[in-house]
$ cat work07.pdb   # PDB, C-alpha atoms, pLDDT in the B column
ATOM      1  CA  MET A   1     -21.931 -68.342 -12.156  1.00 83.00           C
ATOM      2  CA  LEU A   2     -20.735 -65.253 -13.967  1.00 88.00           C
ATOM      3  CA  VAL A   3     -17.322 -64.704 -15.559  1.00 91.00           C
ATOM      4  CA  LYS A   4     -16.679 -61.046 -16.293  1.00 92.00           C
ATOM      5  CA  PHE A   5     -13.764 -59.250 -17.940  1.00 91.00           C
ATOM      6  CA  PHE A   6     -13.134 -55.561 -17.326  1.00 91.00           C
ATOM      7  CA  LYS A   7     -11.464 -52.957 -19.533  1.00 86.00           C
ATOM      8  CA  GLY A   8      -7.686 -53.334 -19.986  1.00 87.00           C
ATOM      9  CA  GLY A   9      -5.524 -51.581 -17.420  1.00 92.00           C
ATOM     10  CA  THR A  10      -2.948 -48.943 -18.287  1.00 93.00           C
ATOM     11  CA  GLY A  11      -1.366 -48.001 -14.961  1.00 92.00           C
ATOM     12  CA  LYS A  12       1.159 -49.402 -12.560  1.00 95.00           C
ATOM     13  CA  GLY A  13       0.867 -52.985 -11.364  1.00 95.00           C
ATOM     14  CA  SER A  14       0.341 -51.899  -7.785  1.00 96.00           C
ATOM     15  CA  SER A  15      -3.064 -50.407  -8.640  1.00 94.00           C
ATOM     16  CA  PRO A  16      -4.984 -53.623  -9.457  1.00 95.00           C
ATOM     17  CA  VAL A  17      -3.036 -55.707  -6.954  1.00 96.00           C
ATOM     18  CA  GLU A  18      -3.724 -53.310  -4.094  1.00 95.00           C
ATOM     19  CA  TYR A  19      -7.385 -53.101  -5.097  1.00 92.00           C
ATOM     20  CA  LEU A  20      -7.646 -56.898  -4.853  1.00 93.00           C
ATOM     21  CA  THR A  21      -5.717 -57.326  -1.616  1.00 95.00           C
ATOM     22  CA  LYS A  22      -6.480 -54.214   0.481  1.00 94.00           C
ATOM     23  CA  GLU A  23      -8.277 -54.541   3.806  1.00 94.00           C
ATOM     24  CA  VAL A  24     -10.722 -51.803   2.772  1.00 92.00           C
ATOM     25  CA  ASP A  25     -12.754 -51.536  -0.425  1.00 86.00           C
ATOM     26  CA  SER A  26     -12.892 -48.567  -2.797  1.00 85.00           C
ATOM     27  CA  LYS A  27     -15.585 -46.958  -0.613  1.00 89.00           C
ATOM     28  CA  GLY A  28     -13.452 -47.178   2.533  1.00 91.00           C
ATOM     29  CA  VAL A  29     -15.435 -50.061   4.053  1.00 88.00           C
ATOM     30  CA  THR A  30     -13.394 -52.730   5.855  1.00 92.00           C
ATOM     31  CA  ARG A  31     -13.574 -56.077   4.104  1.00 92.00           C
ATOM     32  CA  GLU A  32     -14.533 -58.771   6.572  1.00 91.00           C
ATOM     33  CA  PRO A  33     -13.385 -61.429   6.103  1.00 91.00           C
ATOM     34  CA  LEU A  34     -10.217 -60.074   4.538  1.00 93.00           C
ATOM     35  CA  PRO A  35      -9.348 -60.887   0.902  1.00 94.00           C
ATOM     36  CA  GLU A  36      -7.436 -64.148   0.564  1.00 94.00           C
ATOM     37  CA  ILE A  37      -4.821 -64.820  -2.117  1.00 96.00           C
ATOM     38  CA  ILE A  38      -5.609 -68.235  -3.544  1.00 94.00           C
ATOM     39  CA  LYS A  39      -3.345 -68.242  -6.601  1.00 95.00           C
ATOM     40  CA  GLY A  40      -0.364 -66.227  -7.713  1.00 94.00           C
ATOM     41  CA  ASN A  41       2.210 -63.896  -6.251  1.00 95.00           C
ATOM     42  CA  PRO A  42       1.245 -60.223  -5.843  1.00 96.00           C
ATOM     43  CA  GLN A  43       4.825 -58.928  -6.052  1.00 96.00           C
ATOM     44  CA  GLN A  44       5.533 -60.956  -9.184  1.00 94.00           C
ATOM     45  CA  THR A  45       2.341 -59.636 -10.803  1.00 95.00           C
ATOM     46  CA  ILE A  46       3.307 -56.038  -9.970  1.00 96.00           C
ATOM     47  CA  GLN A  47       6.835 -56.575 -11.317  1.00 94.00           C
ATOM     48  CA  LEU A  48       5.598 -58.121 -14.570  1.00 93.00           C
ATOM     49  CA  ILE A  49       3.013 -55.401 -15.209  1.00 94.00           C
ATOM     50  CA  ASP A  50       5.510 -52.639 -14.433  1.00 95.00           C
ATOM     51  CA  SER A  51       8.047 -54.162 -16.839  1.00 92.00           C
ATOM     52  CA  LEU A  52       5.702 -53.795 -19.819  1.00 92.00           C
ATOM     53  CA  SER A  53       6.075 -50.769 -22.082  1.00 90.00           C
ATOM     54  CA  PHE A  54       2.828 -50.928 -24.034  1.00 86.00           C
ATOM     55  CA  LYS A  55      -0.438 -49.188 -23.131  1.00 91.00           C
ATOM     56  CA  TYR A  56      -2.675 -52.024 -21.944  1.00 92.00           C
ATOM     57  CA  LYS A  57      -0.538 -53.913 -19.432  1.00 93.00           C
ATOM     58  CA  PHE A  58      -3.115 -55.974 -17.568  1.00 94.00           C
ATOM     59  CA  HIS A  59      -6.689 -57.196 -17.511  1.00 93.00           C
ATOM     60  CA  THR A  60      -8.914 -57.638 -14.513  1.00 94.00           C
ATOM     61  CA  GLY A  61     -12.116 -59.498 -13.961  1.00 94.00           C
ATOM     62  CA  VAL A  62     -14.207 -61.580 -11.637  1.00 94.00           C
ATOM     63  CA  ILE A  63     -15.681 -65.040 -11.357  1.00 93.00           C
ATOM     64  CA  SER A  64     -18.824 -64.581  -9.311  1.00 92.00           C
ATOM     65  CA  PHE A  65     -21.113 -67.246  -7.912  1.00 87.00           C
ATOM     66  CA  ALA A  66     -24.227 -67.341  -5.746  1.00 86.00           C
ATOM     67  CA  PRO A  67     -23.912 -68.079  -2.005  1.00 79.00           C
ATOM     68  CA  GLU A  68     -26.155 -71.118  -2.438  1.00 85.00           C
ATOM     69  CA  ASP A  69     -23.532 -72.575  -4.812  1.00 87.00           C
ATOM     70  CA  ASN A  70     -21.516 -73.136  -1.610  1.00 83.00           C
ATOM     71  CA  LEU A  71     -18.316 -74.007  -3.489  1.00 87.00           C
ATOM     72  CA  THR A  72     -15.631 -75.823  -1.531  1.00 89.00           C
ATOM     73  CA  GLU A  73     -11.973 -74.791  -1.660  1.00 90.00           C
ATOM     74  CA  GLN A  74     -11.301 -77.701  -4.027  1.00 94.00           C
ATOM     75  CA  GLN A  75     -14.176 -76.693  -6.318  1.00 93.00           C
ATOM     76  CA  GLN A  76     -12.876 -73.105  -6.428  1.00 92.00           C
ATOM     77  CA  GLN A  77      -9.396 -74.356  -7.367  1.00 93.00           C
ATOM     78  CA  GLU A  78     -10.930 -76.517 -10.116  1.00 94.00           C
ATOM     79  CA  LEU A  79     -12.882 -73.478 -11.324  1.00 92.00           C
ATOM     80  CA  ILE A  80      -9.654 -71.453 -11.575  1.00 94.00           C
ATOM     81  CA  LYS A  81      -7.926 -74.280 -13.467  1.00 94.00           C
ATOM     82  CA  SER A  82     -10.852 -74.493 -15.886  1.00 94.00           C
ATOM     83  CA  PHE A  83     -10.768 -70.721 -16.407  1.00 93.00           C
ATOM     84  CA  GLU A  84      -7.015 -70.853 -17.098  1.00 93.00           C
ATOM     85  CA  LYS A  85      -7.414 -73.631 -19.687  1.00 94.00           C
ATOM     86  CA  THR A  86     -10.027 -71.521 -21.485  1.00 93.00           C
ATOM     87  CA  ALA A  87      -8.218 -68.172 -21.165  1.00 90.00           C
ATOM     88  CA  PHE A  88      -4.710 -69.451 -21.983  1.00 91.00           C
ATOM     89  CA  PRO A  89      -5.116 -72.300 -24.496  1.00 92.00           C
ATOM     90  CA  GLY A  90      -1.852 -73.977 -25.406  1.00 90.00           C
ATOM     91  CA  LEU A  91       0.147 -72.192 -22.693  1.00 90.00           C
ATOM     92  CA  GLU A  92       1.827 -73.921 -19.790  1.00 89.00           C
ATOM     93  CA  VAL A  93       1.290 -72.589 -16.246  1.00 87.00           C
ATOM     94  CA  ASP A  94       4.736 -70.942 -16.234  1.00 86.00           C
ATOM     95  CA  GLN A  95       3.932 -68.990 -19.421  1.00 90.00           C
ATOM     96  CA  TYR A  96       1.349 -66.601 -17.960  1.00 91.00           C
ATOM     97  CA  ASP A  97       0.776 -64.697 -14.751  1.00 93.00           C
ATOM     98  CA  ILE A  98      -2.536 -64.633 -12.919  1.00 95.00           C
ATOM     99  CA  LEU A  99      -3.342 -63.410  -9.435  1.00 96.00           C
ATOM    100  CA  CYS A 100      -6.595 -64.722  -7.951  1.00 96.00           C
ATOM    101  CA  VAL A 101      -7.998 -63.326  -4.716  1.00 96.00           C
ATOM    102  CA  ARG A 102     -11.075 -64.611  -2.901  1.00 93.00           C
ATOM    103  CA  HIS A 103     -13.472 -61.898  -1.770  1.00 90.00           C
ATOM    104  CA  SER A 104     -15.844 -63.428   0.785  1.00 87.00           C
ATOM    105  CA  HIS A 105     -17.066 -60.139   2.234  1.00 83.00           C
ATOM    106  CA  THR A 106     -19.695 -59.654  -0.486  1.00 78.00           C
ATOM    107  CA  SER A 107     -23.168 -61.203  -0.555  1.00 73.00           C
ATOM    108  CA  ASN A 108     -22.038 -63.498  -3.360  1.00 77.00           C
ATOM    109  CA  GLY A 109     -18.798 -65.463  -3.672  1.00 82.00           C
ATOM    110  CA  ARG A 110     -16.172 -63.759  -5.823  1.00 87.00           C
ATOM    111  CA  ILE A 111     -12.781 -64.682  -7.153  1.00 90.00           C
ATOM    112  CA  GLU A 112     -11.231 -61.462  -8.447  1.00 89.00           C
ATOM    113  CA  ARG A 113      -8.290 -61.715 -10.831  1.00 91.00           C
ATOM    114  CA  THR A 114      -5.542 -59.673 -12.459  1.00 89.00           C
ATOM    115  CA  ILE A 115      -3.689 -60.970 -15.509  1.00 90.00           C
ATOM    116  CA  SER A 116      -0.570 -59.402 -17.005  1.00 86.00           C
ATOM    117  CA  THR A 117      -0.938 -59.103 -20.787  1.00 77.00           C
ATOM    118  CA  HIS A 118       2.357 -60.685 -21.785  1.00 73.00           C
ATOM    119  CA  SER A 119       3.735 -64.200 -21.814  1.00 67.00           C
ATOM    120  CA  THR A 120       5.828 -64.555 -18.680  1.00 62.00           C
ATOM    121  CA  SER A 121       8.323 -67.160 -19.876  1.00 59.00           C
ATOM    122  CA  SER A 122      10.965 -64.621 -20.950  1.00 52.00           C
ATOM    123  CA  ARG A 123      10.128 -62.072 -18.235  1.00 48.00           C
ATOM    124  CA  LEU A 124      10.377 -64.570 -15.379  1.00 48.00           C
ATOM    125  CA  ALA A 125      13.763 -65.634 -16.677  1.00 43.00           C
ATOM    126  CA  GLY A 126      14.965 -62.012 -16.657  1.00 45.00           C
ATOM    127  CA  GLY A 127      14.478 -61.378 -20.389  1.00 45.00           C
ATOM    128  CA  SER A 128      12.311 -58.719 -22.015  1.00 44.00           C
TER     129      SER A 128
END

$ encode --input "work07.pdb" --output "structure tokens"
Amino acid sequence: MLVKFFKGGTGKGSSPVEYLTKEVDSKGVTREPLPEIIKGNPQQTIQLIDSLSFKYKFHTGVISFAPEDNLTEQQQQELIKSFEKTAFPGLEVDQYDILCVRHSHTSNGRIERTISTHSTSSRLAGGS
């Protein structure tokens, strides 16, 4: 298994969310099967990222595993929970925003993710 973090994102929230959820990849190839949202709310992620005024508004990355790992849905959910405990120590689930999307169209299993770079507790309540 490989956990990878990519460079911080500076654009609109729609950019990483659309990349994760689109029916076609960046090369124009149809993703089959289609990406599947397994955690998070794409519109909420976009809204939170777009509400931030600083340069690096989000981070993206991937949890990749070999096909022979043959992870069940439950194992993938446990993997996400374990990642969250490591990435967000001391925070409750309602204090951060993460969007996880399963990409099964690749030769290896992938859970792609986008994370807004701000605690969500005040933003979800309508604060700033």

$ residues_around --input "work07.pdb" --residues "Lys39 (chain A)" --least-positions-apart "4" --cutoff "10 Å" --atoms "all atoms listed in the file" --output "VMD selection string"
chain A and resid 77 80 97 to 102 113

$ write_last_selection --input "work07.pdb" --atoms "C-alpha atoms" --output "short mmCIF file (atom, residue, chain, number, x, y, z; two decimals), keeping the file's coordinate frame"
data_model
loop_
_atom_site.label_atom_id
_atom_site.label_comp_id
_atom_site.auth_asym_id
_atom_site.auth_seq_id
_atom_site.Cartn_x
_atom_site.Cartn_y
_atom_site.Cartn_z
CA GLN A 77 -9.40 -74.36 -7.37
CA ILE A 80 -9.65 -71.45 -11.58
CA ASP A 97 0.78 -64.70 -14.75
CA ILE A 98 -2.54 -64.63 -12.92
CA LEU A 99 -3.34 -63.41 -9.44
CA CYS A 100 -6.60 -64.72 -7.95
CA VAL A 101 -8.00 -63.33 -4.72
CA ARG A 102 -11.08 -64.61 -2.90
CA ARG A 113 -8.29 -61.72 -10.83
#

$ atom_distance --input "work07.pdb" --atom1 "CA of Gln95 (chain A)" --atom2 "CA of Leu34 (chain A)"
29.2 Å

$ resolve_selection --input "work07.pdb" --expression "the PyMOL selection byres ((chain A and resi 55-61) around 8)" --output "list in words"
Val3, Lys4, Phe5, Phe6, Lys7, Gly8, Gly9, Thr10, Gly11, Gly13, Pro16, Ile49, Asp50, Leu52, Ser53, Phe54, Val62, Ile63, Glu112, Arg113, Thr114, Ile115, Ser116, Thr117 and His118 of chain A

$ closest_residue --input "work07.pdb" --among "A:Leu79, A:Ala87, A:Ile46, A:Ile111" --to "Ser15 (chain A)" --atoms "only C-alpha atoms"
A:Ile46

$ atom_distance --input "work07.pdb" --atom1 "CA of Tyr19 (chain A)" --atom2 "CA of Pro35 (chain A)"
10.0 Å

$ atom_distance --input "work07.pdb" --atom1 "CA of Ala66 (chain A)" --atom2 "CA of Leu20 (chain A)"
19.6 Å

$ resolve_selection --input "work07.pdb" --expression "the PyMOL selection byres ((chain A and resi 1) around 6)" --output "ChimeraX atom specification"
/A:2,64-65

$ write_last_selection --input "work07.pdb" --atoms "C-alpha atoms" --output "tab-separated table (two decimals), keeping the file's coordinate frame"
chain	number	residue	atom	x	y	z
A	2	LEU	CA	-20.74	-65.25	-13.97
A	64	SER	CA	-18.82	-64.58	-9.31
A	65	PHE	CA	-21.11	-67.25	-7.91

$ closest_residue --input "work07.pdb" --among "A:Asn70, A:Ser104, A:Thr21, A:Gln76" --to "Asn41 (chain A)" --atoms "all atoms listed in the file"
A:Thr21

$ closest_residue --input "work07.pdb" --among "A:Arg31, A:Lys12, A:Lys22, A:Lys81" --to "Thr106 (chain A)" --atoms "only C-alpha atoms"
A:Arg31

$ build_atoms --input "work07.pdb" --residues "region 85-121 of chain A" --atoms "N, CA and C atoms" --output "PDB file, keeping the file's coordinate frame"
ATOM      1  N   LYS A  85      -7.462 -72.836 -18.454  1.00 94.00           N
ATOM      2  CA  LYS A  85      -7.414 -73.631 -19.687  1.00 94.00           C
ATOM      3  C   LYS A  85      -8.157 -72.927 -20.819  1.00 94.00           C
ATOM      4  N   THR A  86      -9.243 -72.243 -20.483  1.00 93.00           N
ATOM      5  CA  THR A  86     -10.027 -71.521 -21.485  1.00 93.00           C
ATOM      6  C   THR A  86      -9.343 -70.217 -21.884  1.00 93.00           C
ATOM      7  N   ALA A  87      -8.810 -69.481 -20.904  1.00 90.00           N
ATOM      8  CA  ALA A  87      -8.218 -68.172 -21.165  1.00 90.00           C
ATOM      9  C   ALA A  87      -6.836 -68.251 -21.796  1.00 90.00           C
ATOM     10  N   PHE A  88      -6.092 -69.329 -21.514  1.00 91.00           N
ATOM     11  CA  PHE A  88      -4.710 -69.451 -21.983  1.00 91.00           C
ATOM     12  C   PHE A  88      -4.492 -70.760 -22.741  1.00 91.00           C
ATOM     13  N   PRO A  89      -5.257 -71.014 -23.799  1.00 92.00           N
ATOM     14  CA  PRO A  89      -5.116 -72.300 -24.496  1.00 92.00           C
ATOM     15  C   PRO A  89      -3.714 -72.478 -25.072  1.00 92.00           C
ATOM     16  N   GLY A  90      -3.167 -73.652 -24.856  1.00 90.00           N
ATOM     17  CA  GLY A  90      -1.852 -73.977 -25.406  1.00 90.00           C
ATOM     18  C   GLY A  90      -0.682 -73.483 -24.576  1.00 90.00           C
ATOM     19  N   LEU A  91      -0.942 -72.684 -23.532  1.00 90.00           N
ATOM     20  CA  LEU A  91       0.147 -72.192 -22.693  1.00 90.00           C
ATOM     21  C   LEU A  91       0.303 -73.063 -21.458  1.00 90.00           C
ATOM     22  N   GLU A  92       1.541 -73.228 -21.039  1.00 89.00           N
ATOM     23  CA  GLU A  92       1.827 -73.921 -19.790  1.00 89.00           C
ATOM     24  C   GLU A  92       1.671 -72.930 -18.636  1.00 89.00           C
ATOM     25  N   VAL A  93       1.513 -73.424 -17.429  1.00 87.00           N
ATOM     26  CA  VAL A  93       1.290 -72.589 -16.246  1.00 87.00           C
ATOM     27  C   VAL A  93       2.399 -71.555 -16.053  1.00 87.00           C
ATOM     28  N   ASP A  94       3.629 -71.889 -16.426  1.00 86.00           N
ATOM     29  CA  ASP A  94       4.736 -70.942 -16.234  1.00 86.00           C
ATOM     30  C   ASP A  94       4.850 -69.919 -17.370  1.00 86.00           C
ATOM     31  N   GLN A  95       3.885 -69.921 -18.297  1.00 90.00           N
ATOM     32  CA  GLN A  95       3.932 -68.990 -19.421  1.00 90.00           C
ATOM     33  C   GLN A  95       2.965 -67.813 -19.286  1.00 90.00           C
ATOM     34  N   TYR A  96       2.249 -67.728 -18.199  1.00 91.00           N
ATOM     35  CA  TYR A  96       1.349 -66.601 -17.960  1.00 91.00           C
ATOM     36  C   TYR A  96       1.330 -66.295 -16.461  1.00 91.00           C
ATOM     37  N   ASP A  97       0.857 -65.115 -16.150  1.00 93.00           N
ATOM     38  CA  ASP A  97       0.776 -64.697 -14.751  1.00 93.00           C
ATOM     39  C   ASP A  97      -0.671 -64.351 -14.432  1.00 93.00           C
ATOM     40  N   ILE A  98      -1.182 -64.940 -13.374  1.00 95.00           N
ATOM     41  CA  ILE A  98      -2.536 -64.633 -12.919  1.00 95.00           C
ATOM     42  C   ILE A  98      -2.514 -64.560 -11.396  1.00 95.00           C
ATOM     43  N   LEU A  99      -3.181 -63.571 -10.876  1.00 96.00           N
ATOM     44  CA  LEU A  99      -3.342 -63.410  -9.435  1.00 96.00           C
ATOM     45  C   LEU A  99      -4.827 -63.538  -9.138  1.00 96.00           C
ATOM     46  N   CYS A 100      -5.199 -64.505  -8.322  1.00 96.00           N
ATOM     47  CA  CYS A 100      -6.595 -64.722  -7.951  1.00 96.00           C
ATOM     48  C   CYS A 100      -6.753 -64.492  -6.457  1.00 96.00           C
ATOM     49  N   VAL A 101      -7.753 -63.693  -6.107  1.00 96.00           N
ATOM     50  CA  VAL A 101      -7.998 -63.326  -4.716  1.00 96.00           C
ATOM     51  C   VAL A 101      -9.469 -63.574  -4.394  1.00 96.00           C
ATOM     52  N   ARG A 102      -9.705 -64.330  -3.331  1.00 93.00           N
ATOM     53  CA  ARG A 102     -11.075 -64.611  -2.901  1.00 93.00           C
ATOM     54  C   ARG A 102     -11.601 -63.420  -2.112  1.00 93.00           C
ATOM     55  N   HIS A 103     -12.780 -62.950  -2.503  1.00 90.00           N
ATOM     56  CA  HIS A 103     -13.472 -61.898  -1.770  1.00 90.00           C
ATOM     57  C   HIS A 103     -14.738 -62.509  -1.186  1.00 90.00           C
ATOM     58  N   SER A 104     -14.710 -62.787   0.108  1.00 87.00           N
ATOM     59  CA  SER A 104     -15.844 -63.428   0.785  1.00 87.00           C
ATOM     60  C   SER A 104     -16.709 -62.420   1.530  1.00 87.00           C
ATOM     61  N   HIS A 105     -16.333 -61.157   1.484  1.00 83.00           N
ATOM     62  CA  HIS A 105     -17.066 -60.139   2.234  1.00 83.00           C
ATOM     63  C   HIS A 105     -18.330 -59.666   1.522  1.00 83.00           C
ATOM     64  N   THR A 106     -18.519 -60.069   0.273  1.00 78.00           N
ATOM     65  CA  THR A 106     -19.695 -59.654  -0.486  1.00 78.00           C
ATOM     66  C   THR A 106     -20.818 -60.664  -0.289  1.00 78.00           C
ATOM     67  N   SER A 107     -22.025 -60.309  -0.724  1.00 73.00           N
ATOM     68  CA  SER A 107     -23.168 -61.203  -0.555  1.00 73.00           C
ATOM     69  C   SER A 107     -23.064 -62.440  -1.447  1.00 73.00           C
ATOM     70  N   ASN A 108     -22.271 -62.333  -2.499  1.00 77.00           N
ATOM     71  CA  ASN A 108     -22.038 -63.498  -3.360  1.00 77.00           C
ATOM     72  C   ASN A 108     -20.547 -63.839  -3.308  1.00 77.00           C
ATOM     73  N   GLY A 109     -20.203 -65.075  -3.633  1.00 82.00           N
ATOM     74  CA  GLY A 109     -18.798 -65.463  -3.672  1.00 82.00           C
ATOM     75  C   GLY A 109     -18.125 -64.857  -4.890  1.00 82.00           C
ATOM     76  N   ARG A 110     -16.887 -64.391  -4.714  1.00 87.00           N
ATOM     77  CA  ARG A 110     -16.172 -63.759  -5.823  1.00 87.00           C
ATOM     78  C   ARG A 110     -14.711 -64.176  -5.802  1.00 87.00           C
ATOM     79  N   ILE A 111     -14.211 -64.493  -6.970  1.00 90.00           N
ATOM     80  CA  ILE A 111     -12.781 -64.682  -7.153  1.00 90.00           C
ATOM     81  C   ILE A 111     -12.358 -63.594  -8.141  1.00 90.00           C
ATOM     82  N   GLU A 112     -11.696 -62.576  -7.619  1.00 89.00           N
ATOM     83  CA  GLU A 112     -11.231 -61.462  -8.447  1.00 89.00           C
ATOM     84  C   GLU A 112      -9.877 -61.849  -9.024  1.00 89.00           C
ATOM     85  N   ARG A 113      -9.555 -61.327 -10.219  1.00 91.00           N
ATOM     86  CA  ARG A 113      -8.290 -61.715 -10.831  1.00 91.00           C
ATOM     87  C   ARG A 113      -7.659 -60.550 -11.587  1.00 91.00           C
ATOM     88  N   THR A 114      -6.334 -60.592 -11.641  1.00 89.00           N
ATOM     89  CA  THR A 114      -5.542 -59.673 -12.459  1.00 89.00           C
ATOM     90  C   THR A 114      -4.603 -60.535 -13.291  1.00 89.00           C
ATOM     91  N   ILE A 115      -4.518 -60.209 -14.579  1.00 90.00           N
ATOM     92  CA  ILE A 115      -3.689 -60.970 -15.509  1.00 90.00           C
ATOM     93  C   ILE A 115      -2.778 -59.993 -16.238  1.00 90.00           C
ATOM     94  N   SER A 116      -1.466 -60.227 -16.196  1.00 86.00           N
ATOM     95  CA  SER A 116      -0.570 -59.402 -17.005  1.00 86.00           C
ATOM     96  C   SER A 116      -0.764 -59.800 -18.462  1.00 86.00           C
ATOM     97  N   THR A 117      -0.615 -58.842 -19.379  1.00 77.00           N
ATOM     98  CA  THR A 117      -0.938 -59.103 -20.787  1.00 77.00           C
ATOM     99  C   THR A 117       0.289 -59.463 -21.620  1.00 77.00           C
ATOM    100  N   HIS A 118       1.165 -60.274 -21.057  1.00 73.00           N
ATOM    101  CA  HIS A 118       2.357 -60.685 -21.785  1.00 73.00           C
ATOM    102  C   HIS A 118       2.747 -62.062 -21.296  1.00 73.00           C
ATOM    103  N   SER A 119       3.217 -62.897 -22.205  1.00 67.00           N
ATOM    104  CA  SER A 119       3.735 -64.200 -21.814  1.00 67.00           C
ATOM    105  C   SER A 119       4.869 -63.994 -20.813  1.00 67.00           C
ATOM    106  N   THR A 120       4.846 -64.752 -19.744  1.00 62.00           N
ATOM    107  CA  THR A 120       5.828 -64.555 -18.680  1.00 62.00           C
ATOM    108  C   THR A 120       7.107 -65.341 -18.877  1.00 62.00           C
ATOM    109  N   SER A 121       7.164 -66.276 -19.804  1.00 59.00           N
ATOM    110  CA  SER A 121       8.323 -67.160 -19.876  1.00 59.00           C
ATOM    111  C   SER A 121       9.632 -66.393 -19.989  1.00 59.00           C
TER     112      SER A 121
END
